[in-house]
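Reproduced below: model-v4.cif, with mmCIF, C-alpha atoms.
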```cif
data_coords
#
loop_
_atom_site.group_PDB
_atom_site.id
_atom_site.type_symbol
_atom_site.label_atom_id
_atom_site.label_comp_id
_atom_site.auth_asym_id
_atom_site.auth_seq_id
_atom_site.Cartn_x
_atom_site.Cartn_y
_atom_site.Cartn_z
ATOM 1 C CA MET A 286 -19.339 28.189 3.907
ATOM 2 C CA ASN A 287 -16.523 28.675 6.376
ATOM 3 C CA PRO A 288 -18.005 29.925 9.714
ATOM 4 C CA ILE A 289 -15.391 32.692 9.929
ATOM 5 C CA ARG A 290 -16.282 34.029 6.489
ATOM 6 C CA ARG A 291 -19.959 33.931 7.328
ATOM 7 C CA GLU A 292 -19.404 35.915 10.513
ATOM 8 C CA LEU A 293 -17.386 38.471 8.563
ATOM 9 C CA LEU A 294 -20.224 38.881 6.054
ATOM 10 C CA ASN A 295 -22.763 39.215 8.875
ATOM 11 C CA GLY A 296 -20.593 41.862 10.496
ATOM 12 C CA LEU A 297 -20.303 43.731 7.203
ATOM 13 C CA PHE A 298 -24.097 43.698 6.801
ATOM 14 C CA VAL A 299 -24.587 45.056 10.333
ATOM 15 C CA LEU A 300 -21.963 47.770 9.656
ATOM 16 C CA VAL A 301 -23.715 48.873 6.450
ATOM 17 C CA VAL A 302 -27.163 48.995 8.080
ATOM 18 C CA ALA A 303 -25.793 50.808 11.148
ATOM 19 C CA SER A 304 -24.089 53.395 8.918
ATOM 20 C CA LEU A 305 -27.315 53.992 7.004
ATOM 21 C CA MET A 306 -29.340 54.318 10.216
ATOM 22 C CA SER A 307 -26.785 56.706 11.682
ATOM 23 C CA ALA A 308 -26.989 58.862 8.543
ATOM 24 C CA ALA A 309 -30.799 58.814 8.781
ATOM 25 C CA PHE A 310 -30.801 60.023 12.400
ATOM 26 C CA ALA A 311 -28.242 62.702 11.602
ATOM 27 C CA ALA A 312 -30.305 63.924 8.649
ATOM 28 C CA PHE A 313 -33.459 64.013 10.774
ATOM 29 C CA GLN A 314 -31.760 66.198 13.390
ATOM 30 C CA VAL A 315 -30.551 68.733 10.802
ATOM 31 C CA ASN A 316 -33.618 69.115 8.651
ATOM 32 C CA PHE A 317 -36.083 66.979 6.792
ATOM 33 C CA ASN A 318 -34.772 66.183 3.310
ATOM 34 C CA LEU A 319 -37.125 63.879 1.423
ATOM 35 C CA GLN A 320 -34.597 62.920 -1.259
ATOM 36 C CA LEU A 321 -31.968 61.992 1.348
ATOM 37 C CA TRP A 322 -34.521 59.908 3.235
ATOM 38 C CA VAL A 323 -35.490 58.130 0.015
ATOM 39 C CA TRP A 324 -31.829 57.269 -0.620
ATOM 40 C CA ILE A 325 -31.366 56.032 2.945
ATOM 41 C CA VAL A 326 -34.484 53.850 2.867
ATOM 42 C CA SER A 327 -33.445 52.516 -0.555
ATOM 43 C CA GLY A 328 -29.989 51.653 0.809
ATOM 44 C CA VAL A 329 -31.467 49.814 3.799
ATOM 45 C CA ALA A 330 -33.853 47.938 1.493
ATOM 46 C CA ILE A 331 -30.995 46.950 -0.823
ATOM 47 C CA ALA A 332 -28.876 45.787 2.134
ATOM 48 C CA VAL A 333 -31.714 43.735 3.622
ATOM 49 C CA SER A 334 -32.687 42.185 0.280
ATOM 50 C CA GLY A 335 -29.028 41.414 -0.443
ATOM 51 C CA TYR A 336 -28.694 39.668 2.916
ATOM 52 C CA VAL A 337 -31.895 37.700 2.320
ATOM 53 C CA MET A 338 -30.648 36.614 -1.118
ATOM 54 C CA PHE A 339 -27.309 35.714 0.449
ATOM 55 C CA GLU A 340 -29.050 33.475 3.039
ATOM 56 C CA ILE A 341 -31.132 31.829 0.308
ATOM 57 C CA ALA A 342 -28.009 31.171 -1.773
ATOM 58 C CA LEU A 343 -26.234 29.713 1.271
ATOM 59 C CA GLY A 344 -29.183 27.434 1.958
ATOM 60 C CA TYR A 345 -29.217 26.269 -1.648
ATOM 61 C CA MET A 346 -25.461 25.581 -1.656
ATOM 62 C CA ALA A 347 -25.720 23.707 1.648
ATOM 63 C CA ALA A 348 -28.575 21.594 0.290
ATOM 64 C CA THR A 349 -26.587 20.889 -2.901
ATOM 65 C CA GLU A 350 -23.547 19.869 -0.847
ATOM 66 C CA GLU A 351 -25.678 17.534 1.262
ATOM 67 C CA ARG A 352 -27.163 15.968 -1.881
ATOM 68 C CA GLU A 353 -23.667 15.457 -3.317
ATOM 69 C CA LYS A 354 -22.466 13.836 -0.074
ATOM 70 C CA ALA A 355 -25.536 11.598 0.017
ATOM 71 C CA SER A 356 -24.971 10.644 -3.637
ATOM 72 C CA ALA A 357 -21.283 9.871 -3.005
ATOM 73 C CA GLU A 358 -22.163 7.757 0.029
ATOM 74 C CA ALA A 359 -24.819 5.883 -1.940
ATOM 75 C CA THR A 360 -22.285 5.248 -4.730
ATOM 76 C CA ARG A 361 -19.717 3.976 -2.218
ATOM 77 C CA ARG A 362 -22.276 1.593 -0.708
ATOM 78 C CA ARG A 363 -23.266 0.307 -4.148
ATOM 79 C CA GLU A 364 -19.593 -0.326 -4.982
ATOM 80 C CA GLU A 365 -19.080 -2.186 -1.696
ATOM 81 C CA GLU A 366 -22.179 -4.277 -2.351
ATOM 82 C CA TRP A 367 -20.973 -4.990 -5.873
ATOM 83 C CA LEU A 368 -17.546 -6.047 -4.593
ATOM 84 C CA LYS A 369 -19.192 -8.345 -2.038
ATOM 85 C CA ARG A 370 -21.129 -10.044 -4.829
ATOM 86 C CA VAL A 371 -18.454 -10.331 -7.529
ATOM 87 C CA GLY A 372 -15.260 -9.952 -5.467
ATOM 88 C CA THR A 373 -12.246 -7.699 -5.813
ATOM 89 C CA PRO A 374 -10.998 -7.493 -9.413
ATOM 90 C CA ALA A 375 -7.342 -8.103 -10.241
ATOM 91 C CA ARG A 376 -5.216 -4.994 -10.050
ATOM 92 C CA LEU A 377 -1.688 -3.951 -10.975
ATOM 93 C CA GLU A 378 0.144 -1.955 -8.316
ATOM 94 C CA PRO A 379 3.245 -0.118 -9.588
ATOM 95 C CA ASN A 380 4.416 0.448 -6.015
ATOM 96 C CA VAL A 381 6.312 -2.700 -5.033
ATOM 97 C CA ILE A 382 6.284 -2.542 -1.222
ATOM 98 C CA ASN A 383 3.375 -0.485 0.168
ATOM 99 C CA PRO A 384 0.458 -2.476 -1.346
ATOM 100 C CA VAL A 385 1.909 -5.709 0.086
ATOM 101 C CA ILE A 386 2.219 -4.109 3.525
ATOM 102 C CA GLU A 387 -1.376 -2.861 3.351
ATOM 103 C CA THR A 388 -2.580 -6.322 2.287
ATOM 104 C CA LEU A 389 -0.735 -7.893 5.223
ATOM 105 C CA ARG A 390 -2.368 -5.501 7.656
ATOM 106 C CA THR A 391 -5.871 -6.204 6.359
ATOM 107 C CA MET A 392 -5.602 -9.979 5.847
ATOM 108 C CA SER A 393 -7.858 -12.298 7.842
ATOM 109 C CA PRO A 394 -6.316 -13.514 11.128
ATOM 110 C CA GLY A 395 -4.835 -17.000 11.209
ATOM 111 C CA GLY A 396 -3.856 -17.201 7.545
ATOM 112 C CA ASP A 397 -0.533 -18.331 6.097
ATOM 113 C CA TYR A 398 1.917 -16.128 4.237
ATOM 114 C CA THR A 399 4.028 -17.894 1.606
ATOM 115 C CA VAL A 400 6.612 -16.380 -0.724
ATOM 116 C CA MET A 401 8.263 -18.237 -3.606
ATOM 117 C CA TYR A 402 11.204 -15.996 -4.474
ATOM 118 C CA TYR A 403 13.119 -16.760 -7.676
ATOM 119 C CA PHE A 404 16.821 -15.979 -8.218
ATOM 120 C CA ASP A 405 18.238 -16.196 -11.740
ATOM 121 C CA SER A 406 21.807 -17.074 -12.788
ATOM 122 C CA GLU A 407 23.148 -13.790 -11.391
ATOM 123 C CA GLY A 408 22.009 -14.798 -7.915
ATOM 124 C CA GLY A 409 22.479 -12.074 -5.340
ATOM 125 C CA LYS A 410 23.962 -9.509 -7.710
ATOM 126 C CA GLU A 411 22.051 -6.277 -7.155
ATOM 127 C CA SER A 412 21.148 -4.034 -10.051
ATOM 128 C CA PRO A 413 20.726 -0.291 -9.302
ATOM 129 C CA ALA A 414 16.946 -0.714 -9.360
ATOM 130 C CA MET A 415 17.096 -3.653 -6.923
ATOM 131 C CA LYS A 416 19.339 -1.659 -4.578
ATOM 132 C CA ALA A 417 16.713 1.092 -4.431
ATOM 133 C CA GLN A 418 14.007 -1.465 -3.634
ATOM 134 C CA ASN A 419 16.124 -3.186 -0.991
ATOM 135 C CA ALA A 420 16.531 0.142 0.793
ATOM 136 C CA ILE A 421 12.794 0.152 1.623
ATOM 137 C CA ARG A 422 12.223 -3.603 1.808
ATOM 138 C CA GLY A 423 13.071 -3.625 5.518
ATOM 139 C CA GLU A 424 9.652 -2.171 6.359
ATOM 140 C CA LEU A 425 7.961 -5.097 4.599
ATOM 141 C CA PHE A 426 10.086 -7.666 6.437
ATOM 142 C CA SER A 427 9.386 -5.949 9.746
ATOM 143 C CA THR A 428 5.626 -5.927 9.079
ATOM 144 C CA ILE A 429 5.618 -9.651 8.248
ATOM 145 C CA LEU A 430 7.351 -10.590 11.511
ATOM 146 C CA GLN A 431 5.126 -8.236 13.536
ATOM 147 C CA GLN A 432 1.977 -9.807 12.091
ATOM 148 C CA LEU A 433 3.430 -13.247 12.821
ATOM 149 C CA LYS A 434 4.128 -12.415 16.466
ATOM 150 C CA ARG A 435 0.627 -10.934 16.865
ATOM 151 C CA GLY A 436 -0.965 -14.118 15.531
ATOM 152 C CA LYS A 437 -2.339 -12.464 12.405
ATOM 153 C CA ILE A 438 -0.105 -14.795 10.371
ATOM 154 C CA ARG A 439 -0.181 -18.459 11.406
ATOM 155 C CA GLU A 440 2.880 -19.552 9.413
ATOM 156 C CA TYR A 441 5.371 -17.577 7.369
ATOM 157 C CA LYS A 442 7.062 -19.685 4.700
ATOM 158 C CA ARG A 443 9.698 -18.496 2.241
ATOM 159 C CA ILE A 444 10.906 -20.754 -0.561
ATOM 160 C CA ILE A 445 14.070 -19.575 -2.311
ATOM 161 C CA CYS A 446 13.874 -20.851 -5.892
ATOM 162 C CA PHE A 447 16.688 -21.399 -8.393
ATOM 163 C CA ASP A 448 16.883 -22.867 -11.858
ATOM 164 C CA HIS A 449 16.949 -26.678 -11.851
ATOM 165 C CA HIS A 450 20.499 -26.946 -13.241
ATOM 166 C CA VAL A 451 21.806 -24.562 -10.575
ATOM 167 C CA LEU A 452 20.486 -26.771 -7.785
ATOM 168 C CA THR A 453 21.707 -29.921 -9.520
ATOM 169 C CA ASN A 454 25.285 -28.656 -9.733
ATOM 170 C CA ASP A 455 25.467 -27.085 -6.262
ATOM 171 C CA HIS A 456 25.766 -29.771 -3.580
ATOM 172 C CA GLU A 457 25.734 -27.283 -0.673
ATOM 173 C CA LEU A 458 22.568 -25.666 -1.965
ATOM 174 C CA LYS A 459 20.905 -29.053 -2.417
ATOM 175 C CA SER A 460 21.730 -29.875 1.201
ATOM 176 C CA GLY A 461 20.059 -26.700 2.514
ATOM 177 C CA ILE A 462 22.982 -24.252 2.735
ATOM 178 C CA LEU A 463 22.319 -20.758 1.382
ATOM 179 C CA ARG A 464 25.120 -18.415 0.379
ATOM 180 C CA VAL A 465 25.016 -14.628 0.214
ATOM 181 C CA GLY A 466 26.952 -13.178 -2.687
ATOM 182 C CA GLU A 467 26.874 -12.984 -6.468
ATOM 183 C CA GLY A 468 26.584 -15.645 -9.126
ATOM 184 C CA PRO A 469 24.523 -18.823 -9.563
ATOM 185 C CA GLY A 470 23.052 -20.264 -6.363
ATOM 186 C CA THR A 471 23.499 -17.109 -4.246
ATOM 187 C CA ILE A 472 21.095 -14.601 -2.712
ATOM 188 C CA GLU A 473 21.409 -10.906 -1.999
ATOM 189 C CA ARG A 474 22.381 -9.619 1.440
ATOM 190 C CA SER A 475 19.041 -8.040 2.391
ATOM 191 C CA ILE A 476 17.290 -11.359 1.764
ATOM 192 C CA GLY A 477 20.072 -13.194 3.585
ATOM 193 C CA ASP A 478 19.749 -11.017 6.679
ATOM 194 C CA HIS A 479 16.003 -11.546 6.714
ATOM 195 C CA CYS A 480 16.342 -15.303 6.208
ATOM 196 C CA ARG A 481 18.771 -15.543 9.111
ATOM 197 C CA LEU A 482 16.220 -13.741 11.291
ATOM 198 C CA MET A 483 13.519 -16.123 10.056
ATOM 199 C CA MET A 484 15.568 -19.107 11.217
ATOM 200 C CA GLU A 485 15.573 -17.619 14.724
ATOM 201 C CA THR A 486 11.822 -16.842 14.791
ATOM 202 C CA LYS A 487 9.095 -19.268 15.756
ATOM 203 C CA GLY A 488 6.461 -19.808 13.086
ATOM 204 C CA CYS A 489 8.858 -19.245 10.178
ATOM 205 C CA SER A 490 10.117 -21.866 7.750
ATOM 206 C CA LEU A 491 12.766 -21.448 5.059
ATOM 207 C CA TYR A 492 13.435 -23.716 2.070
ATOM 208 C CA VAL A 493 15.260 -23.953 -1.257
ATOM 209 C CA ALA A 494 13.690 -25.571 -4.306
ATOM 210 C CA PRO A 495 13.880 -25.663 -8.104
ATOM 211 C CA ALA A 496 11.787 -22.934 -9.688
ATOM 212 C CA VAL A 497 8.404 -23.855 -11.116
ATOM 213 C CA LEU A 498 7.787 -20.254 -12.208
ATOM 214 C CA ARG A 499 10.575 -17.736 -12.756
ATOM 215 C CA SER A 500 8.999 -14.917 -10.797
ATOM 216 C CA VAL A 501 8.125 -13.844 -7.268
ATOM 217 C CA VAL A 502 4.806 -15.371 -6.204
ATOM 218 C CA THR A 503 3.153 -14.516 -2.880
ATOM 219 C CA LEU A 504 0.188 -16.346 -1.329
ATOM 220 C CA ILE A 505 -1.634 -14.336 1.325
ATOM 221 C CA GLY A 506 -4.141 -16.216 3.426
ATOM 222 C CA VAL A 507 -6.611 -18.402 1.544
ATOM 223 C CA ASP A 508 -8.080 -15.813 -0.788
ATOM 224 C CA GLN A 509 -5.291 -13.547 -2.053
ATOM 225 C CA ALA A 510 -2.169 -13.893 -4.168
ATOM 226 C CA SER A 511 0.252 -11.710 -6.091
ATOM 227 C CA ILE A 512 2.914 -12.132 -8.734
ATOM 228 C CA GLY A 513 5.789 -9.766 -9.400
ATOM 229 C CA VAL A 514 5.979 -7.937 -12.727
ATOM 230 C CA GLU A 515 9.657 -7.762 -13.597
ATOM 231 C CA THR A 516 11.717 -5.597 -15.926
ATOM 232 C CA THR A 517 15.377 -5.615 -16.951
ATOM 233 C CA ASP A 518 17.726 -2.677 -17.281
ATOM 234 C CA GLN A 519 20.222 -2.112 -20.103
ATOM 235 C CA GLY A 520 22.781 -4.248 -18.310
ATOM 236 C CA GLY A 521 20.346 -7.148 -17.991
ATOM 237 C CA GLY A 522 19.714 -6.627 -14.272
ATOM 238 C CA ARG A 523 16.332 -7.634 -12.851
ATOM 239 C CA ALA A 524 13.931 -5.324 -11.044
ATOM 240 C CA ILE A 525 10.344 -5.771 -9.855
ATOM 241 C CA ALA A 526 8.321 -3.004 -11.488
ATOM 242 C CA GLY A 527 5.097 -3.828 -9.641
ATOM 243 C CA ASN A 528 2.786 -6.547 -8.377
ATOM 244 C CA MET A 529 -0.359 -8.024 -9.877
ATOM 245 C CA PHE A 530 -2.841 -8.827 -7.087
ATOM 246 C CA PHE A 531 -5.618 -11.409 -7.305
ATOM 247 C CA SER A 532 -8.505 -12.064 -4.909
ATOM 248 C CA ASP A 533 -11.047 -14.849 -4.546
ATOM 249 C CA PRO A 534 -13.696 -14.049 -5.653
ATOM 250 C CA PRO A 535 -13.518 -13.523 -8.605
ATOM 251 C CA ASN A 536 -10.014 -14.872 -9.378
ATOM 252 C CA GLY A 537 -10.362 -18.220 -7.611
ATOM 253 C CA GLU A 538 -9.085 -20.214 -10.601
ATOM 254 C CA ILE A 539 -5.938 -18.099 -10.875
ATOM 255 C CA ILE A 540 -5.218 -18.436 -7.150
ATOM 256 C CA GLU A 541 -5.724 -22.203 -7.408
ATOM 257 C CA GLN A 542 -3.097 -22.267 -10.161
ATOM 258 C CA PHE A 543 -0.683 -20.559 -7.791
ATOM 259 C CA ARG A 544 -1.600 -23.109 -5.105
ATOM 260 C CA GLN A 545 -0.759 -25.929 -7.485
ATOM 261 C CA MET A 546 2.623 -24.298 -8.162
ATOM 262 C CA GLU A 547 3.190 -24.122 -4.413
ATOM 263 C CA ARG A 548 2.356 -27.821 -4.000
ATOM 264 C CA ALA A 549 4.639 -28.756 -6.899
ATOM 265 C CA THR A 550 7.452 -26.723 -5.340
ATOM 266 C CA GLU A 551 6.921 -28.223 -1.893
ATOM 267 C CA LYS A 552 7.473 -31.736 -3.277
ATOM 268 C CA ARG A 553 11.086 -30.883 -4.172
ATOM 269 C CA MET A 554 12.028 -28.324 -1.556
ATOM 270 C CA VAL A 555 14.752 -28.750 1.067
ATOM 271 C CA ALA A 556 14.816 -27.019 4.461
ATOM 272 C CA VAL A 557 17.563 -24.421 4.912
ATOM 273 C CA HIS A 558 19.725 -25.062 7.977
ATOM 274 C CA LYS A 559 22.611 -22.678 7.346
ATOM 275 C CA ILE A 560 23.307 -19.329 5.671
ATOM 276 C CA ILE A 561 26.866 -18.382 4.730
ATOM 277 C CA PHE A 562 27.823 -14.725 4.342
ATOM 278 C CA PRO A 563 31.015 -13.527 2.595
ATOM 279 C CA GLU A 564 32.537 -12.461 5.921
ATOM 280 C CA ASP A 565 31.972 -15.949 7.285
ATOM 281 C CA ALA A 566 34.181 -17.424 4.573
ATOM 282 C CA GLU A 567 36.826 -14.759 5.164
ATOM 283 C CA SER A 568 36.795 -15.485 8.899
ATOM 284 C CA THR A 569 37.207 -19.200 8.250
ATOM 285 C CA MET A 570 40.174 -18.577 5.958
ATOM 286 C CA ALA A 571 41.767 -16.275 8.536
ATOM 287 C CA GLN A 572 41.450 -18.949 11.234
ATOM 288 C CA THR A 573 42.939 -21.695 9.040
ATOM 289 C CA PRO A 574 46.635 -22.102 10.012
ATOM 290 C CA SER A 575 49.125 -21.720 7.229
ATOM 291 C CA ARG A 576 51.262 -24.710 6.298
#
```
Let me see the structure of the file written as structure tokens.
Amino acid sequence: MNPIRRELLNGLFVLVVASLMSAAFAAFQVNFNLQLWVWIVSGVAIAVSGYVMFEIALGYMAATEEREKASAEATRRREEEWLKRVGTPARLEPNVINPVIETLRTMSPGGDYTVMYYFDSEGGKESPAMKAQNAIRGELFSTILQQLKRGKIREYKRIICFDHHVLTNDHELKSGILRVGEGPGTIERSIGDHCRLMMETKGCSLYVAPAVLRSVVTLIGVDQASIGVETTDQGGGRAIAGNMFFSDPPNGEIIEQFRQMERATEKRMVAVHKIIFPEDAESTMAQTPSR
């Protein structure tokens, strides 16, 4: 029970007993009335017995609460022991950003962080759902770079993936030049800004490659991985509805499959050495002298 409430109840008990005792002394000074004395003694007895029962009930509730806490703690320890033996089961997180940030903060020091990010034929065109996600994606990017600078992440690698025919027909993209914009072979601005910052940060590497899997796959350290669960709106725009996380154990085979995809992608990837933004092209056109 709340200590304040208990003190109030104790004070009320003392007030009742004091009132009964005061009435008893007053009655004794006036004259001796046996019936009044019987009522006073009965009142004191009821008050005392009520207080005793109240203390017993409090003791019982406190003991029950302690047993419940001990049971909950024992259950938590059993779950932790079970997870140590069988590993963390796969889980679907509907929140796109926060679970990834939490995983980054709890990953083992010295691990690598690799993202294979797929862009479809619409490239950097942002659907309304993607715009809402990009508004909060900055916190994720900031956390990645902070963990890299602290040494928690050994290497941060991002592979921008496109369909094979897009790379084949785009000579600039094949040579390692990324463009921010809309349409095949482009990326969205929030990713472009982050990639430009990656190119200026030690421990980061940026590549383009043909897609092995048309989704967003993230490899976290040696024992965790996630894959984006995507949806499309009525206009056909993409949006990541959540992430499916896997841990080893018990999902070692699944994570190894993702590792094989990473190795297959690395065989055909090209390092990015330049990122072109729309304003860069406009500036170049403005500086070109007219004939």
Separation of CA of Phe543 (chain A) from CA of Arg376 (chain A), in Å and rounded to one decimal: 16.4 Å
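Taking CA of Val385 (chain A) as the reference point, CA of Arg422 (chain A) is found at 10.7 Å.
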Contacts of Phe530 (chain A) at 10 Å (only C-alpha atoms; same-chain gap of 2+ positions) as number ranges by chain: A: 373-378, 384-385, 388, 503-504, 509-513, 527-528, 532, 536, 540
Residue contacts of Arg548 (chain A) (12 Å, all atoms listed in the file) excluding same-chain residues fewer than 4 positions away, as a VMD selection string: chain A and resid 399 401 444 494 497 504 541 to 544 552 to 554
Selection export as an mmCIF file, in the coordinates of the input, atoms kept: C-alpha atoms:
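Output saved as part_16.cif:
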```
data_model
loop_
_atom_site.group_PDB
_atom_site.id
_atom_site.type_symbol
_atom_site.label_atom_id
_atom_site.label_comp_id
_atom_site.auth_asym_id
_atom_site.auth_seq_id
_atom_site.Cartn_x
_atom_site.Cartn_y
_atom_site.Cartn_z
ATOM 1 C CA THR A 399 4.028 -17.894 1.606
ATOM 2 C CA MET A 401 8.263 -18.237 -3.606
ATOM 3 C CA ILE A 444 10.906 -20.754 -0.561
ATOM 4 C CA ALA A 494 13.690 -25.571 -4.306
ATOM 5 C CA VAL A 497 8.404 -23.855 -11.116
ATOM 6 C CA LEU A 504 0.188 -16.346 -1.329
ATOM 7 C CA GLU A 541 -5.724 -22.203 -7.408
ATOM 8 C CA GLN A 542 -3.097 -22.267 -10.161
ATOM 9 C CA PHE A 543 -0.683 -20.559 -7.791
ATOM 10 C CA ARG A 544 -1.600 -23.109 -5.105
ATOM 11 C CA LYS A 552 7.473 -31.736 -3.277
ATOM 12 C CA ARG A 553 11.086 -30.883 -4.172
ATOM 13 C CA MET A 554 12.028 -28.324 -1.556
#
```
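Using only C-alpha atoms, the nearest neighbour of Glu564 (chain A) within the list A:Gly396, A:Ser406, A:Gly466, A:Ser412 is A:Gly466.
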Length of the CA of Asp455 (chain A) to CA of Leu482 (chain A) vector [Å]: 23.9 Å
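Distance annotation: of A:Ala526, A:Val333, A:Ala348, A:Ile561, the residue with the minimal separation from Ile382 (chain A) is A:Ala526; atom set is all atoms listed in the file.
In this comparison, which uses all atoms listed in the file, the residue of A:Val465, A:Ile472, A:Leu491, A:Cys446 approaching Tyr403 (chain A) most closely is A:Cys446.
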Matched chain/residue IDs from the PyMOL selection byres ((chain A and resi 409) around 8), as a PyMOL selection string: chain A and resi 404+407-408+410-411+465-468+471-474
Using C-alpha atoms, can you write the selected residues to a file as an mmCIF file, keeping the file's coordinate frame?
```cif
data_model
loop_
_atom_site.group_PDB
_atom_site.id
_atom_site.type_symbol
_atom_site.label_atom_id
_atom_site.label_comp_id
_atom_site.auth_asym_id
_atom_site.auth_seq_id
_atom_site.Cartn_x
_atom_site.Cartn_y
_atom_site.Cartn_z
ATOM 1 C CA PHE A 404 16.821 -15.979 -8.218
ATOM 2 C CA GLU A 407 23.148 -13.790 -11.391
ATOM 3 C CA GLY A 408 22.009 -14.798 -7.915
ATOM 4 C CA LYS A 410 23.962 -9.509 -7.710
ATOM 5 C CA GLU A 411 22.051 -6.277 -7.155
ATOM 6 C CA VAL A 465 25.016 -14.628 0.214
ATOM 7 C CA GLY A 466 26.952 -13.178 -2.687
ATOM 8 C CA GLU A 467 26.874 -12.984 -6.468
ATOM 9 C CA GLY A 468 26.584 -15.645 -9.126
ATOM 10 C CA THR A 471 23.499 -17.109 -4.246
ATOM 11 C CA ILE A 472 21.095 -14.601 -2.712
ATOM 12 C CA GLU A 473 21.409 -10.906 -1.999
ATOM 13 C CA ARG A 474 22.381 -9.619 1.440
#
```
Nearest-residue call for Ser490 (chain A), choices A:Ile445, A:Met546, A:Leu425, A:Val507, using only C-alpha atoms: A:Ile445
Contacts of Gly488 (chain A) within 8 Å, only C-alpha atoms, excl. fewer than 4 positions in-chain, as a PyMOL selection string: chain A and resi 433+439-441
Store the residues of this selection in a file with C-alpha atoms, as a PDB file, in the frame of the given file.
```pdb
ATOM      1  CA  LEU A 433       3.430 -13.247  12.821  1.00  0.00           C
ATOM      2  CA  ARG A 439      -0.181 -18.459  11.406  1.00  0.00           C
ATOM      3  CA  GLU A 440       2.880 -19.552   9.413  1.00  0.00           C
ATOM      4  CA  TYR A 441       5.371 -17.577   7.369  1.00  0.00           C
TER       5      TYR A 441
END
```
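By all atoms listed in the file, and with residues fewer than 5 positions from Ile429 (chain A) along its chain excluded, the set lying at most 10 Å from it is Val385, Ile386, Leu389, Arg390, Tyr398, Gly423, Glu424, Lys434, Lys437, Ile438 and Tyr441 of chain A.
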Local residues around (26.3, -21.3, 2.4), at most 7 Å away, using only C-alpha atoms, as a PyMOL selection string: chain A and resi 457+462-464+559-561
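Residues with any atom within 8 Å of Gly461 (chain A), counting all atoms listed in the file and excluding same-chain neighbours fewer than 5 positions away, are Tyr492, Val493, Val555, Ala556, Val557, His558 and Lys559 of chain A.
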